Amino acid sequence: MASRKPVRWHIAVFLAPAVLVYTALMIVPLFGTLAQSLMNHDATGARIFVGLRNFATLFGDAVWSDAFWNALGNNTWFFVIHMLVQNPIGIALAAILSTPRLRMAGFYRTAIFIPTILSFVIVGFVWKLILSPIWGIAPGMLDAVGLKFLFAPWLGKEEYALTALALVSVWQFVGIPMMLIYAALLSIPDGVIEAAEMDGITGWSQFWRIKLPLILPSVGIISILTFVGNFNAFDLIYVAQGALAGPDFSTDILGTFLYRTFFGFQLQLGDPYMGSAIATAMFGIILIGVCIYLFGIQTRLRRYQF
Amino acid sequence: MKARASTGRTIAAHAVLLAYTLIALFPVFVIVINSFKSRKAIFADPLGLPLPGSFDLVGYRTVLHQGDFFLYFQNSLIVTVASLFCVLLFGAMAAFALSEYRFRGNTLMGLYLALGIMIPIRLGTVAILEMMVASGLVNTLTALILVYTAQGLPLAIFILAEFMKSVSDDLKNAGRIDGLSEYRIFFSLVLPLVRPAMATVAVFTMIPIWNDLWFPLILAPAEDTKTVTLGAQVFIGQFVTNWNAVLAALSLAIVPVLVLYLIFSRQLIRGITAGAVK
């Protein structure tokens with residue numbers, strides 16, 4: 001039917017502005033980076049094509065590959081914590097918030113979202129202050145409830161620092177899954193809920209058996225957003241631990257590794273070619289995750305049109 | 001019996017939400033109360049409220065004498081609002097084209113635009129910088145607006161298309177039978193129906209733009225185009241040991257985004273409730 005119609009110009013008009021801006025400022029520069037990952041400089045500093053040699057260095061040369069796998073492992077742990085802590089808390093808060101006739105729901109929702117609007121500059125600074133063993137709000141508070149022995153300088157210990165920062169990031173971003181799930185829960189028609197109540201399905205069993213299946217597409221969206229966000233993360237680690245992602249690289253993730261390589265730090269000069277190779281590797285990792293979501297998960301989710 | 005169970009549940013719901021609200025607001029509270037205290041009081045009693053004995057505005061005086069924070073606010077506001085407008089308008093238009101029409105290359109176009117969700121625009125920074133230098137846009141707010149529009153579009157299109165798929169086809173077809181053009185169907189039928197999604201997208205787009213440190217630092221670090229986040233970061237660097245000034249600067253950086261968010265959050269509430277009433 002559509003093929004018999006004349007050219008539908010309105011489609012082009014609807015698409016043009018977004019496609020133009022997006023192509024010029026995102027796709028073209030990105031391809032510049034991907035192309036650069038296949039380049040390096042020769043002895044005279046001239047730019048030459050080296051094929052996949054940068055990647056051979058990145059994965060094969062122990063100086064580079066140790067740092068790369070360390071960053072990838074840390075990044076995976078960072079993501080796991082977000083999936084296990086941030087998203088369940090976000091969904092639970094949204095479910096509680098969407099209780100019908102709950103007073104002050106607007107206030108709670110607004111307040112819980114506030115950390116998300118703060119810049120990393122603020123978040124990094126304030127949590128360093130709170131967790132600091134010197135100024136010590138955290139040790140003081142633990143002392144007040146008799147749990148002082150639990151305190152450790154978390155951000156300064158190799159075994160805790162990454163987890164502590166991941167939890168700070170969870171604290172900051174829990175509002176995003178909460179908001180998306182909340183909007184999805186509100187868009188469930190009252191008729192469906194009323195029918196469930198007629199059948200005697202209320203409370204938690206109503207949430208598990210009626211609402212959760214209906215909002216699964218939104219749960220899928222927040223999962224993939226979390227994945228992409230975490231594997232692009234950089235700022236929080238940078239403002240809290242600096243570009244060296246201390247102590248002893250225990251909080252180094254792909255973003256900080258890329259930054260150090262690309263722009264250099266202390267005495268090491270920036271290397272745009274290896275930086276581009278790392279950026280390309282990150283691109284590959286994210287692409288794999290997104291493909292798993294798009295083709296493995298999203299197509300199996302049932303969508304309901306109300 | 002039933003009433004009592006539901007009262008118990010309501011109390012439990014309030015307890016959980018209140019507890020989490022405290023966790024969410026506590027660090028902000030710490031910054032703000034301490035920014036009003038003297039240096040001695042900050043260290044002696046970090047959790048104490050600023051009382052007559054410890055109240056001190058010295059931090060704010062330092063900030064207001066040192067940096068041009070009003071100009072920074074203005075820059076951040078212009079950049080954020082202009083980018084937001086472009087993202088929402090262009091994004092909704094593209095999302096409508098993708099979710100509404102079957103045309104050759106639809107899926108491909110969708111994937112092409114979704115590519116930007118997974119790639120941080122930062123990966124192309126060097127090429128972007130070269131482009132801005134070539135076009136003379138370095139140290140202008142226009143450069144930032146363009147970059148942020150490109151950055152925000154993919155996610156906006158993705159979320160809005162997802163929501164537009166659930167707008168009833170009958171409604172749009174009824175509009176077509178009444179002789180509305182495709183533009184009218186988009187602007188006066190579909191757009192109002194996806195308002196809750198638009199408000200959600202607006203909040204998600206606005207925050208990273210306001211808080212971004214990277215592009216202001218690289219594309220527009222000049223004094224008269226500094227954004228407030230960059231201003232605050234530079235300030236922290238200069239006044240590391242002057243905690244009064246740093247805490248005051250951070251408080252000042254929180255206030256405008258908080259106000260902007262509170263304004264939008266009322267839209268958000270209105271949008272969400274309008275969407276829920278069918």
# chains A, B, ... in the order shown; residues from 1 in each chain; ligands from 1
>>> closest_atom_pairs(of="chain A", to="chain B", cutoff="7 Å", atoms="only C-alpha atoms", output="JSON lines")
{"residue": "A:Ile11", "atom": "CA", "partner": "B:Ala97", "partner_atom": "CA", "distance": 5.6}
{"residue": "A:Phe14", "atom": "CA", "partner": "B:Met93", "partner_atom": "CA", "distance": 4.8}
{"residue": "A:Leu15", "atom": "CA", "partner": "B:Ala94", "partner_atom": "CA", "distance": 4.6}
{"residue": "A:Pro17", "atom": "CA", "partner": "B:Phe90", "partner_atom": "CA", "distance": 6.0}
{"residue": "A:Ala18", "atom": "CA", "partner": "B:Phe90", "partner_atom": "CA", "distance": 5.1}
{"residue": "A:Val21", "atom": "CA", "partner": "B:Ala150", "partner_atom": "CA", "distance": 5.8}
{"residue": "A:Tyr22", "atom": "CA", "partner": "B:Ala150", "partner_atom": "CA", "distance": 4.7}
{"residue": "A:Leu25", "atom": "CA", "partner": "B:Ala150", "partner_atom": "CA", "distance": 6.1}
{"residue": "A:Met26", "atom": "CA", "partner": "B:Ile121", "partner_atom": "CA", "distance": 6.0}
{"residue": "A:Pro29", "atom": "CA", "partner": "B:Gly124", "partner_atom": "CA", "distance": 4.6}
{"residue": "A:Leu30", "atom": "CA", "partner": "B:Gly124", "partner_atom": "CA", "distance": 4.7}
{"residue": "A:Gly32", "atom": "CA", "partner": "B:Ala127", "partner_atom": "CA", "distance": 6.6}
{"residue": "A:Thr33", "atom": "CA", "partner": "B:Gly124", "partner_atom": "CA", "distance": 5.9}
{"residue": "A:Ile96", "atom": "CA", "partner": "B:Ala13", "partner_atom": "CA", "distance": 6.1}
{"residue": "A:Tyr108", "atom": "CA", "partner": "B:Thr21", "partner_atom": "CA", "distance": 6.4}
{"residue": "A:Thr110", "atom": "CA", "partner": "B:Ser265", "partner_atom": "CA", "distance": 6.9}
{"residue": "A:Ala111", "atom": "CA", "partner": "B:Thr21", "partner_atom": "CA", "distance": 6.0}
{"residue": "A:Ile112", "atom": "CA", "partner": "B:Thr21", "partner_atom": "CA", "distance": 5.4}
{"residue": "A:Pro115", "atom": "CA", "partner": "B:Ala24", "partner_atom": "CA", "distance": 6.2}
{"residue": "A:Ile117", "atom": "CA", "partner": "B:Ile207", "partner_atom": "CA", "distance": 5.5}
{"residue": "A:Leu118", "atom": "CA", "partner": "B:Ile254", "partner_atom": "CA", "distance": 6.7}
{"residue": "A:Ser119", "atom": "CA", "partner": "B:Asn211", "partner_atom": "CA", "distance": 4.7}
{"residue": "A:Val121", "atom": "CA", "partner": "B:Gln233", "partner_atom": "CA", "distance": 6.6}
{"residue": "A:Ile122", "atom": "CA", "partner": "B:Leu250", "partner_atom": "CA", "distance": 6.3}
{"residue": "A:Val126", "atom": "CA", "partner": "B:Pro27", "partner_atom": "CA", "distance": 6.4}
{"residue": "A:Trp135", "atom": "CA", "partner": "B:Phe43", "partner_atom": "CA", "distance": 6.6}
{"residue": "A:Ile137", "atom": "CA", "partner": "B:Pro46", "partner_atom": "CA", "distance": 6.9}
{"residue": "A:Ala183", "atom": "CA", "partner": "B:Ile272", "partner_atom": "CA", "distance": 6.5}
{"residue": "A:Leu186", "atom": "CA", "partner": "B:Ala276", "partner_atom": "CA", "distance": 5.6}
{"residue": "A:Ser187", "atom": "CA", "partner": "B:Ala276", "partner_atom": "CA", "distance": 5.2}
{"residue": "A:Val228", "atom": "CA", "partner": "B:Met118", "partner_atom": "CA", "distance": 5.6}
{"residue": "A:Asn232", "atom": "CA", "partner": "B:Pro120", "partner_atom": "CA", "distance": 6.4}
{"residue": "A:Ala279", "atom": "CA", "partner": "B:Leu123", "partner_atom": "CA", "distance": 6.3}
{"residue": "A:Phe283", "atom": "CA", "partner": "B:Ile119", "partner_atom": "CA", "distance": 6.4}
{"residue": "A:Ile286", "atom": "CA", "partner": "B:Met118", "partner_atom": "CA", "distance": 6.2}
{"residue": "A:Gln305", "atom": "CA", "partner": "B:Ser166", "partner_atom": "CA", "distance": 5.1}
{"residue": "A:Phe306", "atom": "CA", "partner": "B:Ser166", "partner_atom": "CA", "distance": 6.9}
>>> select_by_dssp(residues="range 94-256 of chain B", states="alpha helix (DSSP H)", output="short mmCIF file (atom, residue, chain, number, x, y, z; two decimals) with N, CA and C atoms, in the first residue's frame")
data_model
loop_
_atom_site.label_atom_id
_atom_site.label_comp_id
_atom_site.auth_asym_id
_atom_site.auth_seq_id
_atom_site.Cartn_x
_atom_site.Cartn_y
_atom_site.Cartn_z
N ALA B 94 11.82 13.25 14.85
CA ALA B 94 12.45 12.04 14.30
C ALA B 94 11.80 10.78 14.88
N ALA B 95 11.50 10.82 16.18
CA ALA B 95 10.87 9.65 16.81
C ALA B 95 9.53 9.36 16.17
N PHE B 96 8.79 10.42 15.84
CA PHE B 96 7.49 10.24 15.20
C PHE B 96 7.66 9.61 13.82
N ALA B 97 8.61 10.12 13.05
CA ALA B 97 8.83 9.56 11.71
C ALA B 97 9.18 8.07 11.81
N LEU B 98 10.01 7.71 12.82
CA LEU B 98 10.44 6.32 12.92
C LEU B 98 9.34 5.39 13.43
N SER B 99 8.52 5.90 14.37
CA SER B 99 7.55 4.99 14.97
C SER B 99 6.25 4.95 14.16
N GLU B 100 6.00 5.96 13.33
CA GLU B 100 4.71 6.05 12.68
C GLU B 100 4.71 5.47 11.27
N ASN B 106 13.76 2.23 7.37
CA ASN B 106 13.29 2.67 8.69
C ASN B 106 14.14 2.05 9.81
N THR B 107 14.26 0.72 9.79
CA THR B 107 15.01 0.03 10.85
C THR B 107 16.47 0.50 10.87
N LEU B 108 17.01 0.64 9.65
CA LEU B 108 18.40 1.06 9.53
C LEU B 108 18.59 2.45 10.13
N MET B 109 17.66 3.36 9.80
CA MET B 109 17.72 4.72 10.34
C MET B 109 17.60 4.70 11.86
N GLY B 110 16.71 3.83 12.37
CA GLY B 110 16.56 3.71 13.82
C GLY B 110 17.85 3.27 14.47
N LEU B 111 18.50 2.28 13.88
CA LEU B 111 19.76 1.79 14.43
C LEU B 111 20.85 2.85 14.34
N TYR B 112 20.85 3.55 13.20
CA TYR B 112 21.84 4.61 13.00
C TYR B 112 21.72 5.67 14.08
N LEU B 113 20.47 6.09 14.36
CA LEU B 113 20.28 7.12 15.38
C LEU B 113 20.53 6.58 16.78
N ALA B 114 20.24 5.26 16.99
CA ALA B 114 20.44 4.68 18.32
C ALA B 114 21.92 4.47 18.63
N LEU B 115 22.74 4.43 17.59
CA LEU B 115 24.17 4.28 17.77
C LEU B 115 24.71 5.28 18.79
N GLY B 116 24.16 6.48 18.75
CA GLY B 116 24.64 7.56 19.62
C GLY B 116 24.37 7.32 21.09
N ILE B 117 23.43 6.41 21.43
CA ILE B 117 23.18 6.13 22.84
C ILE B 117 24.38 5.43 23.43
N MET B 118 24.97 4.56 22.62
CA MET B 118 26.02 3.72 23.18
C MET B 118 27.40 4.35 23.05
N THR B 125 36.03 13.88 20.54
CA THR B 125 36.36 15.24 20.97
C THR B 125 37.38 15.95 20.09
N VAL B 126 38.45 15.23 19.74
CA VAL B 126 39.51 15.89 18.99
C VAL B 126 38.99 16.38 17.64
N ALA B 127 38.22 15.52 16.96
CA ALA B 127 37.66 15.92 15.67
C ALA B 127 36.66 17.07 15.84
N ILE B 128 35.89 17.03 16.92
CA ILE B 128 34.94 18.12 17.17
C ILE B 128 35.68 19.42 17.38
N LEU B 129 36.74 19.36 18.15
CA LEU B 129 37.52 20.56 18.42
C LEU B 129 38.09 21.14 17.12
N GLU B 130 38.64 20.26 16.28
CA GLU B 130 39.19 20.72 14.99
C GLU B 130 38.10 21.40 14.17
N MET B 131 36.90 20.79 14.18
CA MET B 131 35.78 21.34 13.41
C MET B 131 35.38 22.73 13.94
N MET B 132 35.35 22.88 15.24
CA MET B 132 34.96 24.15 15.85
C MET B 132 36.02 25.23 15.58
N VAL B 133 37.27 24.83 15.60
CA VAL B 133 38.34 25.78 15.29
C VAL B 133 38.19 26.25 13.85
N ALA B 134 37.94 25.28 12.94
CA ALA B 134 37.83 25.62 11.52
C ALA B 134 36.67 26.56 11.27
N LEU B 141 29.03 29.99 22.89
CA LEU B 141 28.02 29.10 23.46
C LEU B 141 27.38 28.26 22.37
N THR B 142 27.38 28.76 21.12
CA THR B 142 26.80 28.00 20.00
C THR B 142 27.47 26.64 19.86
N ALA B 143 28.79 26.60 20.00
CA ALA B 143 29.51 25.33 19.89
C ALA B 143 28.96 24.33 20.91
N LEU B 144 28.78 24.79 22.15
CA LEU B 144 28.28 23.90 23.20
C LEU B 144 26.85 23.44 22.88
N ILE B 145 26.02 24.38 22.41
CA ILE B 145 24.63 24.02 22.11
C ILE B 145 24.57 22.96 21.03
N LEU B 146 25.38 23.12 19.98
CA LEU B 146 25.40 22.13 18.90
C LEU B 146 25.82 20.75 19.42
N VAL B 147 26.90 20.73 20.18
CA VAL B 147 27.40 19.44 20.69
C VAL B 147 26.37 18.78 21.60
N TYR B 148 25.76 19.56 22.49
CA TYR B 148 24.80 18.98 23.43
C TYR B 148 23.53 18.53 22.72
N THR B 149 23.16 19.22 21.64
CA THR B 149 21.99 18.77 20.88
C THR B 149 22.28 17.40 20.27
N ALA B 150 23.46 17.26 19.66
CA ALA B 150 23.83 15.97 19.08
C ALA B 150 23.91 14.90 20.16
N GLN B 151 24.40 15.28 21.34
CA GLN B 151 24.55 14.32 22.43
C GLN B 151 23.20 13.85 22.96
N GLY B 152 22.25 14.77 23.04
CA GLY B 152 20.96 14.43 23.65
C GLY B 152 20.00 13.72 22.71
N LEU B 153 20.14 13.95 21.40
CA LEU B 153 19.16 13.43 20.44
C LEU B 153 18.95 11.92 20.48
N PRO B 154 20.01 11.09 20.44
CA PRO B 154 19.77 9.65 20.32
C PRO B 154 18.87 9.09 21.42
N LEU B 155 19.18 9.43 22.68
CA LEU B 155 18.39 8.90 23.78
C LEU B 155 16.96 9.44 23.70
N ALA B 156 16.82 10.72 23.37
CA ALA B 156 15.49 11.31 23.26
C ALA B 156 14.67 10.57 22.20
N ILE B 157 15.28 10.30 21.06
CA ILE B 157 14.56 9.61 19.99
C ILE B 157 14.18 8.20 20.42
N PHE B 158 15.12 7.52 21.07
CA PHE B 158 14.90 6.15 21.52
C PHE B 158 13.71 6.08 22.48
N ILE B 159 13.72 6.93 23.51
CA ILE B 159 12.66 6.89 24.52
C ILE B 159 11.32 7.35 23.91
N LEU B 160 11.36 8.44 23.15
CA LEU B 160 10.10 8.98 22.60
C LEU B 160 9.48 8.01 21.60
N ALA B 161 10.31 7.36 20.78
CA ALA B 161 9.76 6.39 19.82
C ALA B 161 9.11 5.24 20.56
N GLU B 162 9.76 4.81 21.64
CA GLU B 162 9.23 3.73 22.49
C GLU B 162 7.83 4.12 23.01
N PHE B 163 7.67 5.36 23.45
CA PHE B 163 6.38 5.81 23.96
C PHE B 163 5.37 6.03 22.84
N MET B 164 5.86 6.55 21.70
CA MET B 164 4.92 6.86 20.62
C MET B 164 4.30 5.60 20.03
N ASP B 169 -3.41 3.84 17.38
CA ASP B 169 -3.49 4.08 15.94
C ASP B 169 -4.85 4.64 15.54
N ASP B 170 -5.89 4.20 16.23
CA ASP B 170 -7.24 4.65 15.89
C ASP B 170 -7.34 6.17 15.93
N LEU B 171 -6.69 6.74 16.97
CA LEU B 171 -6.76 8.19 17.14
C LEU B 171 -6.14 8.90 15.95
N LYS B 172 -4.94 8.42 15.55
CA LYS B 172 -4.26 9.07 14.42
C LYS B 172 -5.05 8.89 13.14
N ASN B 173 -5.59 7.68 12.95
CA ASN B 173 -6.36 7.45 11.73
C ASN B 173 -7.63 8.30 11.71
N ALA B 174 -8.23 8.47 12.88
CA ALA B 174 -9.40 9.35 12.95
C ALA B 174 -9.01 10.75 12.51
N GLY B 175 -7.85 11.20 12.95
CA GLY B 175 -7.35 12.51 12.55
C GLY B 175 -7.17 12.60 11.04
N ARG B 176 -6.62 11.52 10.46
CA ARG B 176 -6.39 11.52 9.01
C ARG B 176 -7.72 11.57 8.26
N ILE B 177 -8.71 10.83 8.76
CA ILE B 177 -10.02 10.84 8.10
C ILE B 177 -10.62 12.24 8.16
N GLU B 182 -0.18 15.47 8.13
CA GLU B 182 0.70 14.71 9.01
C GLU B 182 1.33 15.60 10.06
N TYR B 183 1.62 16.87 9.70
CA TYR B 183 2.23 17.80 10.65
C TYR B 183 1.27 18.11 11.78
N ARG B 184 -0.03 18.33 11.40
CA ARG B 184 -1.01 18.62 12.44
C ARG B 184 -1.19 17.41 13.34
N LEU B 191 1.94 14.84 20.02
CA LEU B 191 2.81 15.53 20.97
C LEU B 191 2.16 15.70 22.35
N PRO B 192 0.90 16.18 22.43
CA PRO B 192 0.30 16.30 23.76
C PRO B 192 0.18 14.96 24.48
N LEU B 193 0.00 13.88 23.71
CA LEU B 193 -0.18 12.57 24.36
C LEU B 193 1.12 12.03 24.93
N ARG B 195 3.39 13.85 26.35
CA ARG B 195 3.96 14.86 27.24
C ARG B 195 4.70 14.28 28.44
N PRO B 196 4.15 13.24 29.10
CA PRO B 196 4.93 12.70 30.23
C PRO B 196 6.30 12.22 29.79
N ALA B 197 6.35 11.56 28.62
CA ALA B 197 7.65 11.10 28.13
C ALA B 197 8.55 12.29 27.81
N MET B 198 7.97 13.36 27.26
CA MET B 198 8.76 14.56 26.94
C MET B 198 9.36 15.16 28.21
N ALA B 199 8.55 15.21 29.27
CA ALA B 199 9.06 15.78 30.52
C ALA B 199 10.19 14.92 31.05
N THR B 200 10.02 13.60 30.97
CA THR B 200 11.06 12.69 31.43
C THR B 200 12.34 12.89 30.63
N VAL B 201 12.19 12.94 29.32
CA VAL B 201 13.35 13.15 28.46
C VAL B 201 14.01 14.49 28.78
N ALA B 202 13.18 15.51 29.02
CA ALA B 202 13.72 16.84 29.32
C ALA B 202 14.62 16.79 30.55
N VAL B 203 14.15 16.13 31.60
CA VAL B 203 14.96 16.06 32.82
C VAL B 203 16.26 15.31 32.55
N PHE B 204 16.15 14.17 31.84
CA PHE B 204 17.35 13.37 31.59
C PHE B 204 18.34 14.08 30.67
N THR B 205 17.83 14.93 29.78
CA THR B 205 18.71 15.63 28.85
C THR B 205 19.39 16.80 29.54
N MET B 206 18.59 17.47 30.37
CA MET B 206 19.05 18.71 30.98
C MET B 206 20.23 18.48 31.94
N ILE B 207 20.15 17.39 32.71
CA ILE B 207 21.12 17.21 33.79
C ILE B 207 22.55 17.05 33.28
N PRO B 208 22.79 16.12 32.37
CA PRO B 208 24.19 15.99 31.90
C PRO B 208 24.71 17.26 31.23
N ILE B 209 23.81 18.03 30.60
CA ILE B 209 24.26 19.26 29.96
C ILE B 209 24.70 20.26 31.02
N TRP B 210 23.84 20.45 32.01
CA TRP B 210 24.17 21.42 33.06
C TRP B 210 25.45 21.04 33.78
N ASN B 211 25.63 19.75 34.02
CA ASN B 211 26.74 19.30 34.84
C ASN B 211 28.02 19.02 34.06
N TRP B 214 33.48 18.56 30.67
CA TRP B 214 34.40 18.21 29.60
C TRP B 214 34.36 19.21 28.46
N PHE B 215 33.20 19.39 27.85
CA PHE B 215 33.13 20.25 26.68
C PHE B 215 33.33 21.74 27.00
N PRO B 216 32.77 22.25 28.10
CA PRO B 216 33.11 23.65 28.43
C PRO B 216 34.62 23.85 28.57
N LEU B 217 35.27 22.87 29.17
CA LEU B 217 36.72 22.96 29.39
C LEU B 217 37.47 23.00 28.06
N ILE B 218 37.01 22.21 27.09
CA ILE B 218 37.75 22.08 25.84
C ILE B 218 37.28 23.07 24.79
N LEU B 219 35.96 23.28 24.70
CA LEU B 219 35.44 24.11 23.61
C LEU B 219 35.24 25.57 24.00
N VAL B 228 28.73 27.27 34.78
CA VAL B 228 28.84 27.31 36.23
C VAL B 228 29.61 26.09 36.77
N THR B 229 29.47 24.93 36.11
CA THR B 229 30.21 23.75 36.57
C THR B 229 31.71 23.95 36.40
N LEU B 230 32.08 24.46 35.25
CA LEU B 230 33.50 24.74 35.02
C LEU B 230 33.99 25.80 36.00
N GLY B 231 33.18 26.83 36.20
CA GLY B 231 33.56 27.87 37.16
C GLY B 231 33.81 27.29 38.54
N ALA B 232 32.90 26.41 38.98
CA ALA B 232 33.03 25.82 40.32
C ALA B 232 34.28 24.93 40.39
N GLN B 233 34.55 24.17 39.34
CA GLN B 233 35.70 23.28 39.33
C GLN B 233 37.00 24.08 39.40
N VAL B 234 37.09 25.14 38.58
CA VAL B 234 38.28 25.99 38.61
C VAL B 234 38.45 26.59 39.99
N PHE B 235 37.32 26.99 40.56
CA PHE B 235 37.35 27.60 41.88
C PHE B 235 37.86 26.62 42.95
N ILE B 236 37.37 25.37 42.90
CA ILE B 236 37.84 24.36 43.86
C ILE B 236 39.34 24.17 43.71
N GLY B 237 39.81 24.16 42.46
CA GLY B 237 41.24 24.01 42.22
C GLY B 237 42.05 25.14 42.85
N GLN B 238 41.50 26.35 42.78
CA GLN B 238 42.25 27.50 43.29
C GLN B 238 42.19 27.62 44.81
N TRP B 243 38.02 25.98 52.78
CA TRP B 243 36.80 25.20 52.76
C TRP B 243 35.56 26.05 52.77
N ASN B 244 35.62 27.19 53.44
CA ASN B 244 34.44 28.06 53.44
C ASN B 244 34.07 28.44 52.03
N ALA B 245 35.08 28.87 51.28
CA ALA B 245 34.83 29.34 49.92
C ALA B 245 34.36 28.19 49.03
N VAL B 246 35.00 27.01 49.18
CA VAL B 246 34.63 25.87 48.34
C VAL B 246 33.19 25.45 48.62
N LEU B 247 32.85 25.34 49.91
CA LEU B 247 31.49 24.92 50.26
C LEU B 247 30.47 25.94 49.78
N ALA B 248 30.81 27.21 49.87
CA ALA B 248 29.89 28.25 49.40
C ALA B 248 29.73 28.16 47.88
N ALA B 249 30.84 27.93 47.18
CA ALA B 249 30.77 27.81 45.72
C ALA B 249 29.91 26.62 45.32
N LEU B 250 30.08 25.50 46.05
CA LEU B 250 29.28 24.31 45.74
C LEU B 250 27.80 24.57 46.01
N SER B 251 27.51 25.25 47.13
CA SER B 251 26.10 25.57 47.42
C SER B 251 25.51 26.40 46.30
N LEU B 252 26.28 27.40 45.84
CA LEU B 252 25.79 28.25 44.77
C LEU B 252 25.61 27.48 43.47
N ALA B 253 26.44 26.45 43.26
CA ALA B 253 26.30 25.65 42.04
C ALA B 253 25.08 24.74 42.13
N ILE B 254 24.68 24.37 43.35
CA ILE B 254 23.52 23.50 43.51
C ILE B 254 22.23 24.28 43.27
N VAL B 255 22.17 25.52 43.79
CA VAL B 255 20.90 26.26 43.81
C VAL B 255 20.23 26.38 42.43
N PRO B 256 20.94 26.88 41.39
CA PRO B 256 20.21 27.09 40.13
C PRO B 256 19.67 25.81 39.51
#
>>> residues_around(residues="Gln241 in chain A", least_positions_apart="6", cutoff="12 Å", atoms="only C-alpha atoms", output="ChimeraX atom specification")
/A:121,124-125,127-128,155-158,161-162,164-165,234-235,247-253,256
>>> write_last_selection(atoms="N, CA and C atoms", output="compact mmCIF listing (two decimals), in the first residue's frame")
# COMPACT_ATOMS: atom_id res chain seq x y z
N VAL A 121 31.27 17.13 40.18
CA VAL A 121 32.16 17.96 40.98
C VAL A 121 31.67 18.00 42.42
N GLY A 124 31.48 14.15 44.05
CA GLY A 124 32.80 13.65 44.41
C GLY A 124 33.33 14.34 45.64
N PHE A 125 33.19 15.66 45.69
CA PHE A 125 33.73 16.42 46.82
C PHE A 125 33.02 16.06 48.12
N TRP A 127 31.21 13.40 49.01
CA TRP A 127 31.40 12.05 49.56
C TRP A 127 32.82 11.85 50.07
N LYS A 128 33.78 12.52 49.45
CA LYS A 128 35.13 12.46 50.00
C LYS A 128 35.15 13.06 51.40
N LEU A 155 37.64 4.88 50.76
CA LEU A 155 38.14 5.36 49.46
C LEU A 155 39.65 5.18 49.34
N GLY A 156 40.33 4.95 50.46
CA GLY A 156 41.78 4.83 50.41
C GLY A 156 42.26 3.40 50.39
N LYS A 157 41.34 2.43 50.55
CA LYS A 157 41.74 1.02 50.59
C LYS A 157 41.49 0.37 49.25
N GLU A 158 42.48 -0.33 48.76
CA GLU A 158 42.36 -0.95 47.45
C GLU A 158 41.15 -1.86 47.34
N ALA A 161 37.72 0.57 47.62
CA ALA A 161 37.52 1.87 46.97
C ALA A 161 36.54 1.79 45.80
N LEU A 162 36.70 0.77 44.97
CA LEU A 162 35.85 0.68 43.79
C LEU A 162 34.39 0.46 44.19
N ALA A 164 33.01 1.26 47.02
CA ALA A 164 32.50 2.48 47.64
C ALA A 164 32.09 3.49 46.57
N LEU A 165 32.92 3.65 45.55
CA LEU A 165 32.58 4.62 44.50
C LEU A 165 31.37 4.15 43.69
N PHE A 234 33.27 7.99 33.78
CA PHE A 234 34.61 8.57 33.88
C PHE A 234 34.63 9.60 35.01
N ASP A 235 33.66 10.50 34.98
CA ASP A 235 33.70 11.71 35.80
C ASP A 235 33.83 11.45 37.30
N PRO A 247 43.43 3.99 44.91
CA PRO A 247 44.82 3.64 45.18
C PRO A 247 45.34 2.51 44.28
N ASP A 248 46.49 2.72 43.73
CA ASP A 248 47.17 1.76 42.85
C ASP A 248 46.25 1.22 41.76
N PHE A 249 45.56 2.11 41.05
CA PHE A 249 44.71 1.76 39.90
C PHE A 249 43.54 0.84 40.27
N SER A 250 43.21 0.74 41.56
CA SER A 250 42.14 -0.19 41.92
C SER A 250 40.77 0.33 41.51
N THR A 251 40.67 1.62 41.19
CA THR A 251 39.37 2.13 40.73
C THR A 251 39.42 2.51 39.25
N ASP A 252 40.47 2.04 38.58
CA ASP A 252 40.61 2.40 37.16
C ASP A 252 39.53 1.71 36.33
N ILE A 253 38.76 2.49 35.58
CA ILE A 253 37.79 1.90 34.66
C ILE A 253 38.16 2.35 33.25
N THR A 256 38.64 6.23 32.58
CA THR A 256 39.85 6.88 33.11
C THR A 256 41.09 6.39 32.38
>>> residues_around(residues="Phe78 in chain A", least_positions_apart="2", cutoff="8 Å", atoms="only C-alpha atoms", output="list of chain:residue names")
A:Asn74, A:Asn75, A:Thr76, A:Val80, A:Ile81, A:His82, A:Leu162, A:Thr163, A:Ala166, A:Asn230
>>> residues_around(residues="Ser223 in chain A", least_positions_apart="4", cutoff="9 Å", atoms="only C-alpha atoms", output="PyMOL selection string")
chain A and resi 83+87+177+218-219+227-228+293
>>> atom_distance(atom1="CA of Leu287 in chain A", atom2="CA of Phe231 in chain A")
10.9 Å
>>> atom_distance(atom1="CA of Leu84 in chain B", atom2="CA of Ile263 in chain B")
14.5 Å
>>> residues_around(residues="Gln36 in chain A", least_positions_apart="5", cutoff="8 Å", atoms="only C-alpha atoms", output="list of chain:residue names")
A:Pro272, A:Tyr273, A:Ser276, A:Ala277
